[in-house]
Every structure is written in C-alpha cells, then in structure tokens.
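Have a look at model.cif; it's mmCIF, C-alpha atoms:
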```
data_protein
loop_
_atom_site.label_atom_id
_atom_site.label_comp_id
_atom_site.auth_asym_id
_atom_site.auth_seq_id
_atom_site.Cartn_x
_atom_site.Cartn_y
_atom_site.Cartn_z
CA MET Z 1220 125.48 122.14 105.42
CA ILE Z 1221 125.50 123.70 108.85
CA LEU Z 1222 122.70 121.42 110.05
CA GLU Z 1223 124.56 118.34 108.90
CA ARG Z 1224 127.59 119.40 110.93
CA ILE Z 1225 125.51 120.34 113.96
CA LEU Z 1226 123.53 117.12 113.90
CA GLN Z 1227 126.46 114.81 113.29
CA PHE Z 1228 128.75 116.10 116.03
CA GLY Z 1229 128.44 114.98 119.59
CA LYS Z 1230 127.09 111.96 121.40
CA LYS Z 1231 124.12 113.85 122.83
CA GLU Z 1232 123.05 115.09 119.41
CA ARG Z 1233 123.33 111.62 117.94
CA GLU Z 1234 121.19 110.23 120.76
CA VAL Z 1235 118.52 112.85 120.12
CA THR Z 1236 118.41 112.34 116.35
CA GLU Z 1237 118.31 108.58 116.84
CA ASP Z 1238 115.39 108.95 119.28
CA MET Z 1239 113.61 111.31 116.89
CA ARG Z 1240 114.00 108.75 114.10
CA ARG Z 1241 112.65 106.06 116.46
CA HIS Z 1242 109.72 108.33 117.32
CA ILE Z 1243 108.74 108.75 113.65
CA GLN Z 1244 109.32 105.05 112.96
CA LEU Z 1245 106.95 104.21 115.83
CA LEU Z 1246 104.37 106.53 114.29
CA CYS Z 1247 104.76 104.68 110.97
CA ASP Z 1248 104.25 101.38 112.80
CA ALA Z 1249 101.16 102.77 114.55
CA CYS Z 1250 99.68 104.03 111.26
CA ASN Z 1251 100.39 100.70 109.58
CA THR Z 1252 98.83 98.79 112.49
CA PHE Z 1253 95.78 101.07 112.30
CA LYS Z 1254 95.41 100.44 108.58
CA THR Z 1255 95.77 96.65 108.94
CA ALA Z 1256 93.35 96.56 111.88
CA MET Z 1257 90.78 98.46 109.85
CA GLU Z 1258 91.32 96.26 106.79
CA LYS Z 1259 91.00 93.01 108.77
CA GLN Z 1260 88.39 94.43 111.15
CA ASP Z 1261 90.63 93.25 113.97
CA ARG Z 1262 89.78 95.06 117.21
CA ASN Z 1263 92.64 93.49 119.17
CA LEU Z 1264 95.11 94.80 116.63
CA MET Z 1265 93.49 98.23 116.88
CA ARG Z 1266 94.18 98.18 120.64
CA GLU Z 1267 97.90 97.84 119.79
CA VAL Z 1268 97.73 101.35 118.30
CA ILE Z 1269 96.96 102.63 121.81
CA ASP Z 1270 100.01 100.74 123.18
CA LEU Z 1271 102.22 102.17 120.44
CA GLU Z 1272 101.03 105.67 121.36
CA ARG Z 1273 102.21 105.05 124.95
CA GLN Z 1274 105.62 103.97 123.65
CA GLY Z 1275 105.69 107.10 121.50
CA ASP Z 1276 105.00 109.22 124.60
CA SER Z 1277 107.96 107.69 126.35
CA VAL Z 1278 110.28 108.37 123.38
CA ARG Z 1279 109.00 111.97 123.20
CA ARG Z 1280 109.90 112.50 126.89
CA ASP Z 1281 113.41 111.10 126.24
CA VAL Z 1282 113.95 113.41 123.26
CA ILE Z 1283 112.81 116.55 125.11
CA SER Z 1284 114.91 115.66 128.18
CA HIS Z 1285 118.03 115.02 126.11
CA ILE Z 1286 117.58 118.26 124.22
CA TYR Z 1287 117.35 120.30 127.42
CA GLU Z 1288 120.24 118.39 128.99
CA GLY Z 1289 122.39 120.25 126.49
CA ALA Z 1290 122.10 118.68 123.06
CA PHE Z 1291 122.22 121.20 120.20
CA LEU Z 1292 122.74 124.93 120.27
CA PRO Z 1293 120.06 126.71 122.33
CA TYR Z 1294 118.54 128.53 119.36
CA LEU Z 1295 117.71 125.20 117.68
CA ARG Z 1296 116.09 123.58 120.70
CA PRO Z 1297 112.60 125.17 120.51
CA ASP Z 1298 112.19 124.19 116.83
CA LEU Z 1299 113.37 120.63 117.50
CA CYS Z 1300 111.00 120.35 120.48
CA LYS Z 1301 108.15 121.81 118.45
CA PHE Z 1302 108.69 119.18 115.76
CA VAL Z 1303 108.64 116.38 118.32
CA GLU Z 1304 105.47 117.84 119.87
CA VAL Z 1305 103.72 117.92 116.48
CA VAL Z 1306 104.63 114.26 115.86
CA ASP Z 1307 103.24 113.54 119.32
CA GLU Z 1308 99.99 115.29 118.40
CA VAL Z 1309 99.70 112.93 115.41
CA PHE Z 1310 100.11 110.01 117.84
CA ASP Z 1311 97.38 111.45 120.10
CA LEU Z 1312 94.95 111.90 117.23
CA LEU Z 1313 95.69 108.41 115.92
CA LYS Z 1314 95.02 106.96 119.39
CA ASP Z 1315 91.75 108.92 119.72
CA THR Z 1316 90.69 107.73 116.28
CA ALA Z 1317 91.56 104.13 117.19
CA SER Z 1318 89.43 104.50 120.35
CA CYS Z 1319 86.54 105.82 118.25
CA TYR Z 1320 86.91 102.82 115.93
CA LEU Z 1321 86.67 100.45 118.89
CA ASP Z 1322 83.40 102.11 119.95
CA THR Z 1323 81.89 102.23 116.46
CA ASP Z 1324 80.60 99.75 113.93
CA LEU Z 1325 82.04 101.22 110.76
CA PRO Z 1326 79.27 101.00 108.12
CA GLU Z 1327 80.20 98.79 105.18
CA PRO Z 1328 79.69 101.50 102.48
CA LEU Z 1329 82.37 103.63 104.17
CA ARG Z 1330 84.90 100.87 104.83
CA ASN Z 1331 86.87 100.91 101.56
CA ASP Z 1332 87.37 104.67 101.54
CA CYS Z 1333 88.32 104.70 105.23
CA VAL Z 1334 90.89 101.93 104.68
CA ARG Z 1335 92.25 103.90 101.75
CA VAL Z 1336 92.65 107.03 103.89
CA ALA Z 1337 94.42 104.92 106.53
CA LEU Z 1338 96.78 103.60 103.83
CA LEU Z 1339 97.52 107.14 102.60
CA ASN Z 1340 98.15 108.27 106.21
CA PHE Z 1341 100.70 105.45 106.53
CA ARG Z 1342 102.35 106.45 103.24
CA MET Z 1343 102.55 110.06 104.44
CA CYS Z 1344 104.22 108.88 107.63
CA GLU Z 1345 106.79 106.91 105.66
CA MET Z 1346 107.44 110.04 103.62
CA LEU Z 1347 107.89 112.05 106.84
CA LEU Z 1348 110.59 109.61 107.94
CA ILE Z 1349 112.27 109.86 104.53
CA THR Z 1350 112.13 113.66 104.79
CA PHE Z 1351 113.65 113.58 108.28
CA GLU Z 1352 116.51 111.38 107.09
CA ALA Z 1353 117.06 113.62 104.08
CA MET Z 1354 117.26 116.61 106.44
CA LEU Z 1355 119.91 114.87 108.56
CA GLU Z 1356 121.92 114.21 105.42
CA GLY Z 1357 121.58 117.88 104.44
CA ARG Z 1358 119.65 117.11 101.26
CA ASP Z 1359 117.03 119.32 99.65
CA LEU Z 1360 113.56 118.61 101.07
CA ARG Z 1361 111.49 120.28 98.37
CA GLU Z 1362 110.40 117.16 96.48
CA LYS Z 1363 109.77 115.25 99.73
CA THR Z 1364 107.48 117.93 101.16
CA LEU Z 1365 105.71 118.17 97.79
CA ALA Z 1366 104.98 114.43 97.96
CA ILE Z 1367 103.49 114.91 101.43
CA ARG Z 1368 101.30 117.73 100.11
CA ILE Z 1369 100.10 115.52 97.23
CA TYR Z 1370 99.02 112.82 99.69
CA GLU Z 1371 97.34 115.41 101.91
CA LYS Z 1372 95.39 116.81 98.96
CA LYS Z 1373 94.21 113.29 98.04
CA ILE Z 1374 92.87 112.74 101.55
CA ASP Z 1375 91.31 116.20 101.63
CA ASP Z 1376 89.46 115.39 98.39
CA MET Z 1377 88.14 112.16 99.91
CA LYS Z 1378 87.05 113.77 103.19
CA PHE Z 1379 83.97 115.50 101.78
CA ASP Z 1380 82.87 112.36 99.93
CA ILE Z 1381 83.18 110.17 103.01
CA PHE Z 1382 81.09 112.62 105.06
CA SER Z 1383 78.52 112.74 102.24
CA GLN Z 1384 78.27 108.94 102.22
CA ALA Z 1385 78.06 108.93 106.02
CA GLN Z 1386 75.00 111.17 105.87
CA GLU Z 1387 73.22 108.47 103.91
CA VAL Z 1388 73.99 105.83 106.53
CA GLY Z 1389 71.36 105.47 109.20
CA VAL Z 1390 72.48 105.82 112.80
CA THR Z 1391 70.59 104.41 115.76
CA ASP Z 1392 71.16 107.26 118.21
CA PHE Z 1393 73.02 110.52 118.77
CA TRP Z 1394 76.11 108.93 120.32
CA SER Z 1395 76.64 106.36 117.57
CA GLY Z 1396 76.39 109.20 115.04
CA LYS Z 1397 78.84 111.31 117.01
CA MET Z 1398 81.37 108.47 117.31
CA LEU Z 1399 81.15 107.83 113.57
CA SER Z 1400 81.62 111.53 112.85
CA ASP Z 1401 84.61 111.70 115.23
CA LEU Z 1402 86.12 108.62 113.61
CA ILE Z 1403 85.92 110.10 110.10
CA SER Z 1404 87.03 113.50 111.30
CA GLY Z 1405 90.06 112.04 113.13
CA LEU Z 1406 90.99 109.74 110.28
CA THR Z 1407 90.96 112.55 107.74
CA SER Z 1408 92.74 115.08 109.99
CA ILE Z 1409 95.83 112.95 110.69
CA SER Z 1410 97.20 113.96 107.29
CA ASP Z 1411 96.89 117.67 108.18
CA MET Z 1412 99.09 117.12 111.22
CA ILE Z 1413 101.66 115.07 109.32
CA GLU Z 1414 101.80 117.93 106.84
CA ASP Z 1415 102.38 120.34 109.76
CA ALA Z 1416 105.24 118.13 110.96
CA SER Z 1417 106.77 118.18 107.49
CA ASP Z 1418 106.46 121.99 107.40
CA HIS Z 1419 108.36 122.13 110.70
CA LEU Z 1420 111.13 120.01 109.22
CA GLN Z 1421 111.35 122.45 106.35
CA ILE Z 1422 111.55 125.38 108.80
CA LEU Z 1423 114.22 123.56 110.79
CA ASN Z 1424 116.17 122.94 107.61
CA LEU Z 1425 115.91 126.54 106.44
CA SER Z 1426 116.68 128.07 109.84
CA THR Z 1427 120.08 126.42 109.90
CA ARG Z 1428 121.24 127.54 106.46
CA MET R 276 103.34 101.88 93.14
CA GLN R 277 99.86 100.48 92.98
CA ILE R 278 96.93 102.20 91.34
CA ASN R 279 94.77 102.09 94.49
CA GLU R 280 97.01 104.70 96.12
CA PHE R 281 96.40 107.25 93.41
CA MET R 282 92.96 106.57 91.97
CA THR R 283 89.94 108.74 92.68
CA THR R 284 87.11 106.73 94.19
CA LYS R 285 84.38 109.23 93.45
CA VAL R 286 83.15 108.40 89.96
CA GLU R 287 80.70 110.94 88.57
CA SER R 288 78.14 109.31 86.34
CA ILE R 289 75.04 109.98 84.25
CA ASP R 290 72.22 107.70 83.11
CA ALA R 291 72.51 106.62 79.48
CA ASP R 292 69.04 107.92 78.57
CA ARG R 293 69.70 111.48 79.80
CA SER R 294 70.41 114.18 77.21
CA VAL R 295 73.83 115.44 76.19
CA TYR R 296 72.70 118.84 77.47
CA ASP R 297 72.34 117.35 80.99
CA ALA R 298 75.85 115.94 80.69
CA VAL R 299 77.20 119.35 79.65
CA GLU R 300 75.56 120.96 82.68
CA ILE R 301 77.13 118.47 85.09
CA MET R 302 80.57 118.60 83.47
CA VAL R 303 80.75 122.40 83.33
CA ASP R 304 79.36 122.79 86.84
CA GLN R 305 81.76 120.29 88.39
CA HIS R 306 84.75 120.97 86.12
CA LEU R 307 84.84 117.38 84.81
CA ARG R 308 86.35 116.18 81.55
CA SER R 309 84.29 113.01 81.38
CA LEU R 310 81.34 111.21 82.89
CA ALA R 311 80.78 107.51 83.36
CA VAL R 312 77.61 106.35 81.65
CA LYS R 313 75.20 104.08 83.54
CA GLY R 314 73.23 101.71 81.40
CA THR R 315 70.95 98.75 82.00
CA GLY R 316 72.52 95.45 81.02
CA LYS R 317 70.87 92.27 79.76
CA SER R 318 70.42 91.14 83.35
CA GLY R 319 68.39 94.26 84.07
CA LYS R 320 71.00 95.60 86.48
CA THR R 321 72.28 99.19 86.19
CA SER R 322 76.03 99.49 85.87
CA ILE R 323 78.69 101.68 84.29
CA ASP R 324 79.15 100.48 80.74
CA GLY R 325 80.38 103.54 78.88
CA VAL R 326 82.03 106.92 79.12
CA VAL R 327 81.24 110.28 77.58
CA THR R 328 84.07 112.81 77.31
CA ALA R 329 84.22 116.53 76.54
CA ARG R 330 85.72 115.59 73.16
CA ASP R 331 82.72 113.36 72.36
CA ILE R 332 80.29 116.15 73.20
CA VAL R 333 82.10 118.93 71.37
CA PHE R 334 83.11 117.00 68.25
CA LYS R 335 80.08 114.73 67.84
CA VAL R 336 77.34 117.18 68.83
CA LEU R 337 78.22 120.86 69.37
CA ALA R 338 80.64 121.28 66.46
CA LYS R 339 78.04 119.79 64.13
CA GLY R 340 75.40 122.25 65.25
CA ILE R 341 73.17 119.54 66.71
CA ASN R 342 70.92 120.55 69.60
CA PRO R 343 72.37 118.71 72.68
CA ARG R 344 68.85 118.40 74.14
CA ASN R 345 67.90 116.15 71.23
CA VAL R 346 70.75 113.69 71.65
CA LYS R 347 70.92 111.02 74.31
CA VAL R 348 74.19 110.36 76.11
CA SER R 349 73.97 106.72 75.03
CA GLU R 350 74.17 107.79 71.37
CA ILE R 351 77.63 109.32 71.69
CA ALA R 352 79.14 107.38 74.60
CA SER R 353 82.24 105.28 74.03
CA ARG R 354 81.85 101.59 74.83
CA PRO R 355 83.14 99.37 76.28
CA ILE R 356 84.99 101.12 79.10
CA VAL R 357 88.68 100.41 79.51
CA CYS R 358 89.37 98.93 82.95
CA ILE R 359 92.41 98.10 85.05
CA GLU R 360 92.68 96.29 88.40
CA GLN R 361 93.54 98.32 91.48
CA GLN R 362 96.53 96.12 92.39
CA ARG R 363 98.30 96.86 89.08
CA ASP R 364 101.20 99.31 88.91
CA VAL R 365 100.82 102.91 87.84
CA GLU R 366 103.23 102.19 84.95
CA ASP R 367 100.78 99.57 83.63
CA ALA R 368 98.01 102.19 83.75
CA ALA R 369 100.15 104.67 81.80
CA ALA R 370 100.96 102.02 79.18
CA LEU R 371 97.29 101.06 78.80
CA MET R 372 96.28 104.72 78.45
CA GLU R 373 98.88 105.22 75.74
CA LYS R 374 97.82 102.04 73.92
CA SER R 375 94.12 102.98 74.09
CA ASN R 376 94.81 106.69 73.47
CA ILE R 377 92.70 107.76 76.44
CA ALA R 378 93.28 110.11 79.40
CA ARG R 379 91.38 108.18 82.08
CA LEU R 380 91.03 104.54 83.03
CA PHE R 381 88.35 102.98 85.15
CA VAL R 382 89.62 100.96 88.08
CA CYS R 383 87.57 97.79 88.41
CA ASP R 384 87.20 95.09 91.01
CA GLU R 385 85.36 91.92 89.98
CA GLY R 386 83.76 93.75 87.09
CA LYS R 387 82.55 96.65 89.22
CA VAL R 388 83.92 100.17 88.75
CA ILE R 389 85.49 101.36 92.03
CA GLY R 390 87.49 104.35 90.85
CA VAL R 391 89.17 106.23 88.07
CA ILE R 392 92.80 107.10 87.40
CA SER R 393 93.80 110.01 85.20
CA LEU R 394 96.96 111.32 83.58
CA LEU R 395 97.29 113.84 86.43
CA ASP R 396 97.18 111.00 88.99
CA ILE R 397 99.99 109.29 87.09
CA MET R 398 102.07 112.47 87.20
CA ALA R 399 101.44 112.73 90.97
CA ALA R 400 102.57 109.11 91.34
CA GLU R 401 105.76 109.92 89.45
CA LEU R 402 106.56 112.81 91.83
CA ILE R 403 105.99 110.59 94.85
CA THR R 404 108.10 107.78 93.40
CA ARG R 405 110.97 110.22 92.88
CA ALA R 406 110.57 111.63 96.39
CA ARG R 407 110.68 108.14 97.90
CA GLY R 408 113.83 107.33 95.93
CA SER R 409 115.44 104.13 97.17
CA HIS R 410 112.85 103.81 99.97
CA ASP R 411 110.17 102.66 97.56
CA SER R 412 108.33 99.56 98.76
#
```

I'd like the structure from this file rewritten - as structure tokens, please.
Amino acid sequence: MILERILQFGKKEREVTEDMRRHIQLLCDACNTFKTAMEKQDRNLMREVIDLERQGDSVRRDVISHIYEGAFLPYLRPDLCKFVEVVDEVFDLLKDTASCYLDTDLPEPLRNDCVRVALLNFRMCEMLLITFEAMLEGRDLREKTLAIRIYEKKIDDMKFDIFSQAQEVGVTDFWSGKMLSDLISGLTSISDMIEDASDHLQILNLSTR
Amino acid sequence: MQINEFMTTKVESIDADRSVYDAVEIMVDQHLRSLAVKGTGKSGKTSIDGVVTARDIVFKVLAKGINPRNVKVSEIASRPIVCIEQQRDVEDAAALMEKSNIARLFVCDEGKVIGVISLLDIMAAELITRARGSHDS
C-alpha cells in the first residue's frame, strides 16, 4: 500500500500519525467521561470533558504545525488537516453538549435514552480509532466504516423518540427548554460528525491508492 | 457485546382489549412485525404481558376468514412474553430466540420491559463484532 509506505517512513510522519492517534484517543476518553458523568449524574466529572477538549485543541495545533513543517507529500496535507479538523469539531460539539448538561436538569424520563446515546457515541469513537489504525496498516476499511454507519443509524432512530419524549416533559421557562433542546440536539449530532470523520478516513485511504 | 447496545428502546404496544383490526392498522402503518400487548394484571397495574405478531394475525384470524374487528388482541396474543436482561450478551439473545423459535425478545429490567431486540439487531451486532476484531472489550 502506498499509504502504508508514506505513513511509515520518516520521523516527522511518525510524529504526526502518533499525534493523530493521541487526538482520537483523547476524544474516546472525553466521550467515555461524558457517558460516565451522565450515568452517575456527576457534574464535576462532566467538567473534565471541557478540560479534555482543551487538551484536544493543543494536540490538534501540534498535528497541523507538524504537517506544514514538512511531514507528508503536499497533496496529502489538506486531507490530513481536514480529518484532524473534523475530529476537532466533534470535540467542540461534545464540549458544548457538556456545558448544556451542566446548565440543565436532565428530566428522569429522558435519562436512560440519553445515557444510551452517550454510550453509542463512545463506541463509535472507539471504532474511529480502530479504523484509523487499520488505515495506517493499509487494511481495508469497508467493514469498519459500515460498523460506524450502523451505530449512527441506531442513534438517528433514537433521536426522534427522545425529542418526542422531551415534548411531554414540562419546562419552567423558555431558556430551560432551549438548553434541554440544545443538549439533546448536541448529543444526537455527535454521531453525525464521527461518521463524517470516518468518511474522511475512507477518502484519505482511497486517495493514496 | 451486551444487548443494551443493540436493543431498540421504543416498544410499540396496543391495549389487550383493542381489536385485531386496530393492531393491523398500526402494524401496516408503522411497518412493524409485532406489537407488545398491554394488559391489566391482578394488581390492577397495566403492563406488557403479551405479544401479537403478524403471523398470529394472518394465521389465526385473516386466513380463517374471521372479521378482525370481531376479535380482541388478547384472544390471539402469545403469553407470557420471553424476556432477557440488558446486561446479557447478544449470543445469549440469539440462543434464546432459537430455543423459543421467535424473532424478537423483550429486554427487561426488574420485570419491566425497557426494549426489544430482533434478529436484525443481532446481525448488526455480528458486523460490529467483526469490525472491532481483537479490539473487542
């Protein structure tokens, strides 16, 4: 595989791929922390998601800098940067959703489904890391990206139901309703972005064949 | 892989005293192969205690030329429901489905139905297990 050769040669390339792996691993940690915080209703733990997002930002800056310091052939750089930016967007959305959670009292009837979506988001993230590693090893990504799409479909199916249940929950004022809506919307959109990131990996893989 | 990752939490149901015709309407409209049946137990509480499938409706009512408006869901529903806990593995669900010769299992928590897992969900779980390979946790 051309990509395998390109990605394995050179110290700079190795540094970038290692940082990219760290970036995705941090995202997995953030998603797992989010899920646990929601499960245990632990607001302090939820604040750690915001710290993890800051760490993710720092890793993203390192990756982009190393790429433009001369790692990889120039034609590959925009796609690699785009992938890192999409992962960063997932971080941003996760942080915004965590902030919404801190400002909202999640109604009890919605809790189980929301925790389940958070678990599926975490599983999708793990699968993204597996897909990234498979790409570095030059393996076929088809079954990995299919698994990500299956998870995304599951969350998509749940989204409508959660909003329907939310409509039956009384809210005290406009802002509490808006925060709850933003929380559900953010929680159920994270999977869309992870799917986008996986699509970029597939493009990256194909573009080097 | 645990069942709670693959189950569907939305469980469509119908009251036991509604007609089979009502069940047909819901199932055709929502493309469902079965409906949970809500009955009133000895304690007076309403809970899911049966299931009515497309097979039940077609073979027990329509194929016999019986008017579905004249038959209550409770008359053809299968009871008791077959349940599995959400922490059990997908393989356990597949084995129980095979043993009971059914296509869907109810996922229960402390006696309460919280979801349903179907053959299609088990196939999805298989694809994901393969994709995870040695990374499975």

Reference answer for the PyMOL selection byres ((chain R) within 9 of (chain Z)), as an MDAnalysis selection string: chainID R and resid 279:281 283:285 399:400 402:407 410

- request: Compile the contact shell of Gln1274 of chain Z as a VMD selection string: residues with an atom at most 12 Å away, counting all atoms listed in the file, same-chain residues fewer than 5 positions apart removed.
  value: chain Z and resid 1238 1241 to 1246 1248 to 1249 1267 to 1269 1279 to 1281 1307 1310 to 1311 1314

task: Might you pull out every residue within 6 Å of segment 358-373 of chain R, with only C-alpha atoms counted and same-chain residues fewer than 6 positions away left off, and present them as number ranges by chain?
output: R: 276-279, 380-383

Residues matched by the PyMOL selection byres ((chain Z and resi 1413) around 12), written as a ChimeraX atom specification: /Z:1243,1246-1247,1250,1302-1310,1312-1313,1339-1348,1350,1364,1366-1368,1370-1371,1374,1406-1412,1414-1420

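Between atom CA of Leu1325 of chain Z and atom CA of Met1265 of chain Z the separation is 13.3 Å.
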
Box dimensions and centre (Å, one decimal) enclosing segment 316-330 of chain R, axis-aligned, 4 Å extra per side, as JSON:
```
{"center_x": 77.1, "center_y": 103.8, "center_z": 79.8, "size_x": 25.3, "size_y": 33.4, "size_z": 21.3}
```

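Interatomic distance, atom CA of Tyr296 of chain R against atom CA of Pro343 of chain R: 4.8 Å.
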
Point-to-point distance from atom CA of Ile1422 of chain Z to atom CA of Thr1236 of chain Z, Å rounded to tenths: 16.6 Å

Contact residues around segment 313-326 of chain R with all atoms listed in the file at 7 Å, ignoring same-chain residues under 5 positions, as a PDB file with C-alpha atoms, keeping the file's coordinate frame:
```pdb
ATOM      1  CA  SER R 288      78.140 109.310  86.340  1.00  0.00           C
ATOM      2  CA  ILE R 289      75.040 109.980  84.250  1.00  0.00           C
ATOM      3  CA  ASP R 290      72.220 107.700  83.110  1.00  0.00           C
ATOM      4  CA  ALA R 291      72.510 106.620  79.480  1.00  0.00           C
ATOM      5  CA  ALA R 352      79.140 107.380  74.600  1.00  0.00           C
ATOM      6  CA  SER R 353      82.240 105.280  74.030  1.00  0.00           C
ATOM      7  CA  ARG R 354      81.850 101.590  74.830  1.00  0.00           C
ATOM      8  CA  PRO R 355      83.140  99.370  76.280  1.00  0.00           C
ATOM      9  CA  ILE R 356      84.990 101.120  79.100  1.00  0.00           C
TER      10      ILE R 356
END
```

Place N, CA and C atoms on segment 363-389 of chain R and deliver the coordinates as an mmCIF file, in the coordinates of the input.
```
data_model
loop_
_atom_site.group_PDB
_atom_site.id
_atom_site.type_symbol
_atom_site.label_atom_id
_atom_site.label_comp_id
_atom_site.auth_asym_id
_atom_site.auth_seq_id
_atom_site.Cartn_x
_atom_site.Cartn_y
_atom_site.Cartn_z
ATOM 1 N N ARG R 363 97.277 96.693 90.140
ATOM 2 C CA ARG R 363 98.300 96.860 89.080
ATOM 3 C C ARG R 363 99.124 98.119 89.343
ATOM 4 N N ASP R 364 100.321 98.156 88.734
ATOM 5 C CA ASP R 364 101.200 99.310 88.910
ATOM 6 C C ASP R 364 100.740 100.496 88.075
ATOM 7 N N VAL R 365 101.147 101.675 88.544
ATOM 8 C CA VAL R 365 100.820 102.910 87.840
ATOM 9 C C VAL R 365 101.409 102.891 86.415
ATOM 10 N N GLU R 366 102.588 102.261 86.276
ATOM 11 C CA GLU R 366 103.230 102.190 84.950
ATOM 12 C C GLU R 366 102.333 101.402 83.971
ATOM 13 N N ASP R 367 101.683 100.363 84.483
ATOM 14 C CA ASP R 367 100.780 99.570 83.630
ATOM 15 C C ASP R 367 99.610 100.446 83.158
ATOM 16 N N ALA R 368 99.127 101.293 84.092
ATOM 17 C CA ALA R 368 98.010 102.190 83.750
ATOM 18 C C ALA R 368 98.441 103.161 82.656
ATOM 19 N N ALA R 369 99.656 103.716 82.807
ATOM 20 C CA ALA R 369 100.150 104.670 81.800
ATOM 21 C C ALA R 369 100.271 103.990 80.434
ATOM 22 N N ALA R 370 100.781 102.752 80.442
ATOM 23 C CA ALA R 370 100.960 102.020 79.180
ATOM 24 C C ALA R 370 99.601 101.739 78.521
ATOM 25 N N LEU R 371 98.624 101.368 79.341
ATOM 26 C CA LEU R 371 97.290 101.060 78.800
ATOM 27 C C LEU R 371 96.616 102.328 78.249
ATOM 28 N N MET R 372 96.842 103.448 78.943
ATOM 29 C CA MET R 372 96.280 104.720 78.450
ATOM 30 C C MET R 372 96.886 105.083 77.092
ATOM 31 N N GLU R 373 98.206 104.886 76.999
ATOM 32 C CA GLU R 373 98.880 105.220 75.740
ATOM 33 C C GLU R 373 98.368 104.311 74.609
ATOM 34 N N LYS R 374 98.269 103.017 74.918
ATOM 35 C CA LYS R 374 97.820 102.040 73.920
ATOM 36 C C LYS R 374 96.391 102.350 73.457
ATOM 37 N N SER R 375 95.534 102.735 74.419
ATOM 38 C CA SER R 375 94.120 102.980 74.090
ATOM 39 C C SER R 375 93.865 104.427 73.683
ATOM 40 N N ASN R 376 94.903 105.263 73.796
ATOM 41 C CA ASN R 376 94.810 106.690 73.470
ATOM 42 C C ASN R 376 93.680 107.379 74.262
ATOM 43 N N ILE R 377 93.704 107.149 75.579
ATOM 44 C CA ILE R 377 92.700 107.760 76.440
ATOM 45 C C ILE R 377 93.388 108.417 77.654
ATOM 46 N N ALA R 378 92.681 109.347 78.295
ATOM 47 C CA ALA R 378 93.280 110.110 79.400
ATOM 48 C C ALA R 378 92.857 109.599 80.767
ATOM 49 N N ARG R 379 91.887 108.698 80.794
ATOM 50 C CA ARG R 379 91.380 108.180 82.080
ATOM 51 C C ARG R 379 91.062 106.700 81.942
ATOM 52 N N LEU R 380 91.360 105.978 83.016
ATOM 53 C CA LEU R 380 91.030 104.540 83.030
ATOM 54 C C LEU R 380 90.106 104.279 84.199
ATOM 55 N N PHE R 381 89.187 103.377 84.021
ATOM 56 C CA PHE R 381 88.350 102.980 85.150
ATOM 57 C C PHE R 381 89.084 101.886 85.927
ATOM 58 N N VAL R 382 89.002 101.984 87.236
ATOM 59 C CA VAL R 382 89.620 100.960 88.080
ATOM 60 C C VAL R 382 88.494 100.014 88.500
ATOM 61 N N CYS R 383 88.670 98.744 88.181
ATOM 62 C CA CYS R 383 87.570 97.790 88.410
ATOM 63 C C CYS R 383 87.978 96.676 89.358
ATOM 64 N N ASP R 384 87.000 96.215 90.108
ATOM 65 C CA ASP R 384 87.200 95.090 91.010
ATOM 66 C C ASP R 384 86.041 94.119 90.774
ATOM 67 N N GLU R 385 86.368 92.941 90.326
ATOM 68 C CA GLU R 385 85.360 91.920 89.980
ATOM 69 C C GLU R 385 84.257 92.496 89.090
ATOM 70 N N GLY R 386 84.690 93.215 88.079
ATOM 71 C CA GLY R 386 83.760 93.750 87.090
ATOM 72 C C GLY R 386 83.026 95.003 87.505
ATOM 73 N N LYS R 387 83.258 95.459 88.752
ATOM 74 C CA LYS R 387 82.550 96.650 89.220
ATOM 75 C C LYS R 387 83.529 97.838 89.250
ATOM 76 N N VAL R 388 83.052 98.979 88.765
ATOM 77 C CA VAL R 388 83.920 100.170 88.750
ATOM 78 C C VAL R 388 84.037 100.715 90.177
ATOM 79 N N ILE R 389 85.291 100.848 90.658
ATOM 80 C CA ILE R 389 85.490 101.360 92.030
ATOM 81 C C ILE R 389 86.267 102.677 92.042
#
```
